[in-house]
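K.L.:
Sharing a structure here in structure tokens format.
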Amino acid sequence: MTDAQETAADSSLRTTGGAPPDDGGTSDTGAPIPLLEPREGIPPVIADADALDRAVAAFAAGSGPVAVDAERASGYRYGQRAYLVQLRREGAGTALIDPVACPDLSALGEALSGAEWVLHAATQDLPCLREIGMVPTSLFDTELAGRLAGFPRVGLGAMVENVLGFVLEKGHSAVDWSTRPLPEPWLRYAALDVELLVDLRDALEKELDRQGKLEWALQEFHAIASAPPPEPRKEPWRRTSGMHKVRRRRQLAVVRELWQLRDRIAQRRDVSPGKVLSDAAIVEAALALPPNVHALAALNGFGHRVGRRQLEQWQAAVDRARALPESGLPQPGQPVTGPPPPRAWADKDPAAAARLSAARAAVTALAERLNMPQENLVSPDTVRRLCWEPPKPADADSVAAALAALGARPWQINQVTPPLVTALTGEPTDA
């Protein structure tokens with residue numbers, strides 16, 4: 001039994017949903033127990049200013065970390081906005097907030113600014129929380145903690161089951177959370193997602209401490225909490241699925257025109273772009289370069305279900321791309337600011353290719369010894385950049401400085417600098 005599981009068995013855990021308070025979350029047979037109902041029942045959805053004010057006061061008066069989760073409508077609506085926010089804190093209970101009816105939660109964010117926020121896969125939820133005024137100053141990411149601790153499965157359901165001994169029902173994770181009113185089973189699921197999140201945090205903290213990785217995790221959590229919002233992606237149309245088939249610049253222009261038109265329509269209608277026109281249809285039209293509506297209608301994705309008016313607007317986008325002068329056509333690839341693709345290294349710089357091979361092998365071996373994914377030990381992009389243009393001389397100090405400049409955290413620098421120096425120089429270090 002790991003320390004995380006021992007923590008779960010401690011009688012002080014706030015367990016519920018089929019197990020008495022002094023039960024560690026498993027039945028007499030040792031089987032995980034289904035978590036069926038929130039401890040205090042399903043709370044009413046907060047959807048007006050007065051109810052929100054009461055929730056802000058309650059959570060400000062609560063104690064300890066606050067569990068936070070958000071539900072989006074990916075695949076149904078445009079963008080990644082939150083359609084339900086769930087919170088739980090000792091002394092405040094659980095709150096379910098409708099951010100459509102209450103779009104400004106900055107007062108709640110301020111009330112919780114001094115608390116540690118507990119999230120699962122924080123980077124997924126932080127952008128939509130930031131949009132409604134909720135930004136943590138400190139956080140604990142239970143998914144990332146699980147990765148650092150070496151758990152093979154780090155989804156919330158798997159972690160709650162393996163660490164705490166409860167089974168979460170996950171049948172509503174991909175539903176359309178923009179639906180109003182939200183069905184009771186969905187609200188139950190949402191409330192249960194934060195029911196044991198703080199318990200999971202406590203168990204994982206103890207396990208990380210036992211493994212000597214707690215400080216590493218705290219550095220990672222600080223990096224997430226202090227990171228600025230990501231820059232808008234340049235030329236997002238280039239991420240259209242199937243783009244590898246599109247080679248000619250004129251065809252690229254068709255992808256760009258269709259993607260941008262689709263995006264404007266999806267935004268106006270507030271639906272997922274894929275519901276307006278599929279990526280496969282965009283690529284099909286780009287490859288075919290149809291000269292008229294009749295030819296377009298014969299392509300996959302533009303069949304009988306697409307009305308004449310819609311076909312005409314898609315064909316107009318194709319025609320705009322066909323009419324562009326050569327100077328207006330997009331270049332085949334995006335501007336490369338870093339190293340070339342590793343597959344090209346052997347031809348461009350055989351010595352760099354050898355360094356990269358040695359560095360990757362060293363990182364893999366170290367990650368296995370530390371029992372964590374390689375990408376959490378050090379970013380693959382960081383390794384590539386370091387191997388393409390290593391500092392001169394490539395000693396411990398210069399490599400550590402280069403890693404820091406590339407955004408590596410102190411714990412990562414301490415761990416990977418010795419093997420990377422060896423990979424870059426071919427000489428073992430004293431460390």
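Residue numbering restarts at 1 for every chain of the structure tokens, chains are lettered A, B, ... in their displayed order, and ligands are numbered from 1 as they appear.
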What's around segment 251-260 of chain A at 9 Å? Count only C-alpha atoms, leave out sequence neighbours fewer than 4 positions away in its own chain, and write the answer as a PyMOL selection string.

P.N.:
chain A and resi 235-238+240+243+246-247+264-265+273+277+279+282-283+285-289+314-315+317-322+324+328-332

K.L.:
Given the selection you just returned, output its residues as a file containing C-alpha atoms, formatted as a PDB file, in the first residue's frame.

P.N.:
ATOM      1  CA  GLU A 235      -2.523  30.962 -38.644  1.00  0.00           C
ATOM      2  CA  PRO A 236      -4.767  28.515 -36.779  1.00  0.00           C
ATOM      3  CA  TRP A 237      -6.160  27.256 -40.092  1.00  0.00           C
ATOM      4  CA  ARG A 238      -2.923  25.338 -40.570  1.00  0.00           C
ATOM      5  CA  THR A 240      -6.880  21.630 -39.976  1.00  0.00           C
ATOM      6  CA  MET A 243      -3.380  19.212 -43.845  1.00  0.00           C
ATOM      7  CA  VAL A 246      -2.339  19.623 -49.027  1.00  0.00           C
ATOM      8  CA  ARG A 247       0.893  20.498 -50.808  1.00  0.00           C
ATOM      9  CA  ARG A 264     -16.969  33.290 -38.749  1.00  0.00           C
ATOM     10  CA  ILE A 265     -20.174  31.297 -39.246  1.00  0.00           C
ATOM     11  CA  PRO A 273     -16.884  24.726 -36.215  1.00  0.00           C
ATOM     12  CA  LEU A 277     -18.207  22.076 -42.011  1.00  0.00           C
ATOM     13  CA  ASP A 279     -12.083  19.401 -41.630  1.00  0.00           C
ATOM     14  CA  ILE A 282     -12.274  21.482 -46.270  1.00  0.00           C
ATOM     15  CA  VAL A 283      -9.320  19.330 -47.308  1.00  0.00           C
ATOM     16  CA  ALA A 285     -12.349  20.912 -51.534  1.00  0.00           C
ATOM     17  CA  ALA A 286      -8.756  22.144 -51.373  1.00  0.00           C
ATOM     18  CA  LEU A 287      -7.456  19.089 -53.197  1.00  0.00           C
ATOM     19  CA  ALA A 288     -10.206  19.182 -55.849  1.00  0.00           C
ATOM     20  CA  LEU A 289     -10.277  22.960 -56.474  1.00  0.00           C
ATOM     21  CA  TRP A 314     -18.485  27.724 -49.791  1.00  0.00           C
ATOM     22  CA  GLN A 315     -17.897  27.965 -53.536  1.00  0.00           C
ATOM     23  CA  ALA A 317     -14.609  31.031 -50.704  1.00  0.00           C
ATOM     24  CA  VAL A 318     -13.002  28.578 -53.127  1.00  0.00           C
ATOM     25  CA  ASP A 319     -13.312  31.129 -55.923  1.00  0.00           C
ATOM     26  CA  ARG A 320     -11.588  33.790 -53.792  1.00  0.00           C
ATOM     27  CA  ALA A 321      -8.664  31.441 -53.285  1.00  0.00           C
ATOM     28  CA  ARG A 322      -8.567  30.559 -56.989  1.00  0.00           C
ATOM     29  CA  LEU A 324      -5.595  35.243 -55.604  1.00  0.00           C
ATOM     30  CA  GLY A 328      -1.225  36.429 -51.964  1.00  0.00           C
ATOM     31  CA  LEU A 329      -0.882  32.661 -51.610  1.00  0.00           C
ATOM     32  CA  PRO A 330       0.277  31.215 -48.274  1.00  0.00           C
ATOM     33  CA  GLN A 331       3.688  29.639 -48.029  1.00  0.00           C
ATOM     34  CA  PRO A 332       3.842  25.834 -47.771  1.00  0.00           C
TER      35      PRO A 332
END

K.L.:
I want to know what sits within 12 Å of Ala365 of chain A, based on only C-alpha atoms, with residues of the same chain fewer than 4 positions away left out; could you give that as an MDAnalysis selection string?

P.N.:
chainID A and resid 358:361 369:374 377 415:416 419:420

K.L.:
Considering only C-alpha atoms, can you say which of A:Tyr78, A:Thr137, A:Asp50, A:Arg147 comes closest to Lys213 of chain A?

P.N.:
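Closest candidate: A:Arg147.
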
K.L.:
Of the candidates A:Ala354, A:Leu87, A:Ala31, A:Leu108, which one gets nearest to Asp193 of chain A if we count only C-alpha atoms?

P.N.:
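Going through A:Ala354, A:Leu87, A:Ala31, A:Leu108 one by one, the smallest distance to Asp193 of chain A is for A:Leu87.
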
K.L.:
Nearest residue to Gly133 of chain A out of A:Asp104, A:Leu112, A:Ala145, A:Tyr189, using only C-alpha atoms?

P.N.:
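Ranked by minimum distance to Gly133 of chain A, first place goes to A:Asp104.
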
K.L.:
From the DSSP assignment of the backbone, select every residue of segment 165-341 of chain A that is alpha helix (DSSP H), and format the answer as number ranges by chain.

P.N.:
A: 184-193, 197-210, 214-226, 249-269, 273-276, 279-288, 293-297, 308-323

K.L.:
Go ahead and save the picked residues with C-alpha atoms, as an mmCIF file, in the first residue's frame.

P.N.:
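As a result, selection_16.cif now contains:
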data_model
loop_
_atom_site.group_PDB
_atom_site.id
_atom_site.type_symbol
_atom_site.label_atom_id
_atom_site.label_comp_id
_atom_site.auth_asym_id
_atom_site.auth_seq_id
_atom_site.Cartn_x
_atom_site.Cartn_y
_atom_site.Cartn_z
ATOM 1 C CA GLU A 184 -30.343 16.420 -12.418
ATOM 2 C CA PRO A 185 -28.045 13.463 -13.272
ATOM 3 C CA TRP A 186 -25.593 15.890 -14.867
ATOM 4 C CA LEU A 187 -25.651 18.133 -11.803
ATOM 5 C CA ARG A 188 -25.047 15.126 -9.563
ATOM 6 C CA TYR A 189 -22.063 14.139 -11.675
ATOM 7 C CA ALA A 190 -20.729 17.717 -11.559
ATOM 8 C CA ALA A 191 -21.053 17.953 -7.778
ATOM 9 C CA LEU A 192 -19.326 14.599 -7.297
ATOM 10 C CA ASP A 193 -16.360 15.753 -9.378
ATOM 11 C CA LEU A 197 -10.838 16.475 -4.833
ATOM 12 C CA VAL A 198 -9.314 17.915 -1.659
ATOM 13 C CA ASP A 199 -9.029 14.410 -0.182
ATOM 14 C CA LEU A 200 -7.184 13.322 -3.304
ATOM 15 C CA ARG A 201 -4.917 16.346 -2.991
ATOM 16 C CA ASP A 202 -4.049 15.458 0.620
ATOM 17 C CA ALA A 203 -3.232 11.854 -0.259
ATOM 18 C CA LEU A 204 -1.099 12.826 -3.235
ATOM 19 C CA GLU A 205 0.793 15.427 -1.237
ATOM 20 C CA LYS A 206 1.798 12.729 1.238
ATOM 21 C CA GLU A 207 2.800 10.353 -1.545
ATOM 22 C CA LEU A 208 4.893 13.002 -3.290
ATOM 23 C CA ASP A 209 6.571 13.836 -0.003
ATOM 24 C CA ARG A 210 7.357 10.153 0.566
ATOM 25 C CA LEU A 214 6.841 17.327 -3.260
ATOM 26 C CA GLU A 215 9.097 20.322 -3.869
ATOM 27 C CA TRP A 216 9.210 19.398 -7.546
ATOM 28 C CA ALA A 217 5.422 19.392 -7.701
ATOM 29 C CA LEU A 218 5.175 22.726 -5.893
ATOM 30 C CA GLN A 219 7.509 24.289 -8.459
ATOM 31 C CA GLU A 220 5.333 22.923 -11.276
ATOM 32 C CA PHE A 221 2.153 24.226 -9.654
ATOM 33 C CA HIS A 222 3.704 27.670 -9.189
ATOM 34 C CA ALA A 223 4.741 27.725 -12.843
ATOM 35 C CA ILE A 224 1.168 26.972 -13.930
ATOM 36 C CA ALA A 225 -0.383 29.543 -11.598
ATOM 37 C CA SER A 226 2.042 32.295 -12.613
ATOM 38 C CA ARG A 249 0.010 26.894 -52.351
ATOM 39 C CA ARG A 250 -3.273 27.399 -54.222
ATOM 40 C CA GLN A 251 -4.753 24.489 -52.300
ATOM 41 C CA LEU A 252 -3.481 25.971 -49.049
ATOM 42 C CA ALA A 253 -5.299 29.173 -49.934
ATOM 43 C CA VAL A 254 -8.551 27.215 -50.309
ATOM 44 C CA VAL A 255 -8.063 25.698 -46.853
ATOM 45 C CA ARG A 256 -7.457 29.156 -45.411
ATOM 46 C CA GLU A 257 -10.530 30.720 -47.060
ATOM 47 C CA LEU A 258 -12.865 27.871 -46.112
ATOM 48 C CA TRP A 259 -11.494 27.675 -42.552
ATOM 49 C CA GLN A 260 -11.893 31.410 -41.964
ATOM 50 C CA LEU A 261 -15.429 31.457 -43.400
ATOM 51 C CA ARG A 262 -16.371 28.442 -41.290
ATOM 52 C CA ASP A 263 -14.950 30.111 -38.190
ATOM 53 C CA ARG A 264 -16.969 33.290 -38.749
ATOM 54 C CA ILE A 265 -20.174 31.297 -39.246
ATOM 55 C CA ALA A 266 -19.498 29.108 -36.198
ATOM 56 C CA GLN A 267 -18.797 32.134 -34.027
ATOM 57 C CA ARG A 268 -21.955 33.901 -35.204
ATOM 58 C CA ARG A 269 -24.093 30.806 -34.609
ATOM 59 C CA PRO A 273 -16.884 24.726 -36.215
ATOM 60 C CA GLY A 274 -17.017 21.023 -36.986
ATOM 61 C CA LYS A 275 -20.804 21.215 -36.984
ATOM 62 C CA VAL A 276 -20.660 23.870 -39.713
ATOM 63 C CA ASP A 279 -12.083 19.401 -41.630
ATOM 64 C CA ALA A 280 -12.277 16.488 -44.060
ATOM 65 C CA ALA A 281 -14.619 18.480 -46.322
ATOM 66 C CA ILE A 282 -12.274 21.482 -46.270
ATOM 67 C CA VAL A 283 -9.320 19.330 -47.308
ATOM 68 C CA GLU A 284 -11.416 17.582 -49.962
ATOM 69 C CA ALA A 285 -12.349 20.912 -51.534
ATOM 70 C CA ALA A 286 -8.756 22.144 -51.373
ATOM 71 C CA LEU A 287 -7.456 19.089 -53.197
ATOM 72 C CA ALA A 288 -10.206 19.182 -55.849
ATOM 73 C CA VAL A 293 -21.131 24.703 -57.251
ATOM 74 C CA HIS A 294 -22.046 21.566 -59.172
ATOM 75 C CA ALA A 295 -18.500 20.203 -58.813
ATOM 76 C CA LEU A 296 -18.388 21.200 -55.153
ATOM 77 C CA ALA A 297 -21.667 19.394 -54.418
ATOM 78 C CA ARG A 308 -27.895 25.656 -52.397
ATOM 79 C CA ARG A 309 -27.237 28.890 -50.517
ATOM 80 C CA GLN A 310 -24.644 27.204 -48.305
ATOM 81 C CA LEU A 311 -22.975 25.632 -51.317
ATOM 82 C CA GLU A 312 -22.751 29.016 -52.959
ATOM 83 C CA GLN A 313 -21.026 30.578 -49.945
ATOM 84 C CA TRP A 314 -18.485 27.724 -49.791
ATOM 85 C CA GLN A 315 -17.897 27.965 -53.536
ATOM 86 C CA ALA A 316 -17.405 31.720 -53.219
ATOM 87 C CA ALA A 317 -14.609 31.031 -50.704
ATOM 88 C CA VAL A 318 -13.002 28.578 -53.127
ATOM 89 C CA ASP A 319 -13.312 31.129 -55.923
ATOM 90 C CA ARG A 320 -11.588 33.790 -53.792
ATOM 91 C CA ALA A 321 -8.664 31.441 -53.285
ATOM 92 C CA ARG A 322 -8.567 30.559 -56.989
ATOM 93 C CA ALA A 323 -8.456 34.277 -57.894
#

K.L.:
Compare A:Pro229, A:Leu126, A:Gly333, A:Leu406 by their minimum atom-to-atom distance to Arg248 of chain A, counting only C-alpha atoms, and give me the closest one.

P.N.:
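Counting only C-alpha atoms, the residue closest to Arg248 of chain A is A:Gly333.
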
K.L.:
Running DSSP on the backbone, which parts of segment 39-219 of chain A land in strand (DSSP E or B), as a ChimeraX atom specification?

P.N.:
/A:45-46,63-72,82-90,93-97,116-119,138-141,166-167

K.L.:
If you keep C-alpha atoms, can you produce a file of those selected residues as a PDB file, in the first residue's frame?

P.N.:
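Ended up saving to part.pdb:
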ATOM      1  CA  VAL A  45     -27.634  25.952  -9.303  1.00  0.00           C
ATOM      2  CA  ILE A  46     -26.616  29.531  -8.522  1.00  0.00           C
ATOM      3  CA  SER A  63     -11.223  27.116   5.438  1.00  0.00           C
ATOM      4  CA  GLY A  64      -8.511  25.186   3.698  1.00  0.00           C
ATOM      5  CA  PRO A  65      -8.065  24.475  -0.008  1.00  0.00           C
ATOM      6  CA  VAL A  66     -10.957  24.926  -2.415  1.00  0.00           C
ATOM      7  CA  ALA A  67     -11.780  22.302  -5.031  1.00  0.00           C
ATOM      8  CA  VAL A  68     -12.561  23.904  -8.401  1.00  0.00           C
ATOM      9  CA  ASP A  69     -13.827  22.412 -11.644  1.00  0.00           C
ATOM     10  CA  ALA A  70     -15.495  23.724 -14.800  1.00  0.00           C
ATOM     11  CA  GLU A  71     -17.609  22.106 -17.488  1.00  0.00           C
ATOM     12  CA  ARG A  72     -17.397  23.249 -21.108  1.00  0.00           C
ATOM     13  CA  ALA A  82     -17.397  27.561 -19.044  1.00  0.00           C
ATOM     14  CA  TYR A  83     -21.047  26.541 -18.754  1.00  0.00           C
ATOM     15  CA  LEU A  84     -20.892  25.307 -15.163  1.00  0.00           C
ATOM     16  CA  VAL A  85     -18.431  26.001 -12.354  1.00  0.00           C
ATOM     17  CA  GLN A  86     -18.214  23.685  -9.357  1.00  0.00           C
ATOM     18  CA  LEU A  87     -16.526  24.499  -6.053  1.00  0.00           C
ATOM     19  CA  ARG A  88     -16.198  22.820  -2.698  1.00  0.00           C
ATOM     20  CA  ARG A  89     -14.535  24.018   0.490  1.00  0.00           C
ATOM     21  CA  GLU A  90     -14.542  23.009   4.125  1.00  0.00           C
ATOM     22  CA  GLY A  93     -19.980  22.853   1.127  1.00  0.00           C
ATOM     23  CA  THR A  94     -20.445  22.501  -2.617  1.00  0.00           C
ATOM     24  CA  ALA A  95     -21.621  25.221  -5.010  1.00  0.00           C
ATOM     25  CA  LEU A  96     -22.737  24.855  -8.621  1.00  0.00           C
ATOM     26  CA  ILE A  97     -22.647  28.177 -10.481  1.00  0.00           C
ATOM     27  CA  GLU A 116      -5.001  27.106  -2.634  1.00  0.00           C
ATOM     28  CA  TRP A 117      -7.162  25.962  -5.547  1.00  0.00           C
ATOM     29  CA  VAL A 118      -7.283  22.233  -6.214  1.00  0.00           C
ATOM     30  CA  LEU A 119      -7.933  21.371  -9.855  1.00  0.00           C
ATOM     31  CA  SER A 138      -1.700  29.186  -5.882  1.00  0.00           C
ATOM     32  CA  LEU A 139      -2.929  25.782  -6.956  1.00  0.00           C
ATOM     33  CA  PHE A 140      -2.513  22.030  -6.614  1.00  0.00           C
ATOM     34  CA  ASP A 141      -3.043  20.015  -9.788  1.00  0.00           C
ATOM     35  CA  PHE A 166     -14.295   5.271  -4.686  1.00  0.00           C
ATOM     36  CA  VAL A 167     -15.764   4.957  -8.160  1.00  0.00           C
TER      37      VAL A 167
END

K.L.:
For atom CA of Ala227 of chain A and atom CA of Pro136 of chain A, determine how far apart the two atoms are, in Å to one decimal place.

P.N.:
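Taking atom CA of Ala227 of chain A as the start and atom CA of Pro136 of chain A as the end point, the length is 11.0 Å.
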
K.L.:
Let me make sure I understand: among A:Pro390, A:Gly30, A:Gly109, A:Pro38, which one has the smallest atom-to-atom distance to Ala55 of chain A if we use only C-alpha atoms?

P.N.:
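Nearest to Ala55 of chain A: A:Gly109.
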
K.L.:
So, with only C-alpha atoms as the atoms that count, which of A:Trp345, A:His120, A:Glu389, A:Val163 lies closest to Thr142 of chain A?

P.N.:
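Looking at the shortest contact to Thr142 of chain A, the residue is A:His120.
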
K.L.:
So that I can see what lies close to Ala174 of chain A, please list as JSON, numbers by chain the residues with an atom at most 9 Å from it, counting only C-alpha atoms and leaving out residues fewer than 6 positions away in the same chain.

P.N.:
{"A": [72, 73, 74, 75]}

K.L.:
Using only N, CA, C and O atoms, please write the residues we just selected to a file, as a compact mmCIF listing (two decimals), in the first residue's frame.

P.N.:
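Produced file again-v2.txt, reproduced below:
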# COMPACT_ATOMS: atom_id res chain seq x y z
N ARG A 72 -17.27 22.52 -19.85
CA ARG A 72 -17.40 23.25 -21.11
C ARG A 72 -18.32 22.48 -22.05
O ARG A 72 -18.80 21.41 -21.71
N ALA A 73 -18.54 23.02 -23.22
CA ALA A 73 -19.40 22.36 -24.21
C ALA A 73 -18.61 22.10 -25.48
O ALA A 73 -19.06 22.40 -26.59
N SER A 74 -17.41 21.56 -25.31
CA SER A 74 -16.55 21.27 -26.45
C SER A 74 -17.26 20.34 -27.43
O SER A 74 -17.87 19.35 -27.03
N GLY A 75 -17.17 20.66 -28.70
CA GLY A 75 -17.83 19.87 -29.72
C GLY A 75 -19.26 20.27 -29.98
O GLY A 75 -19.89 19.79 -30.92
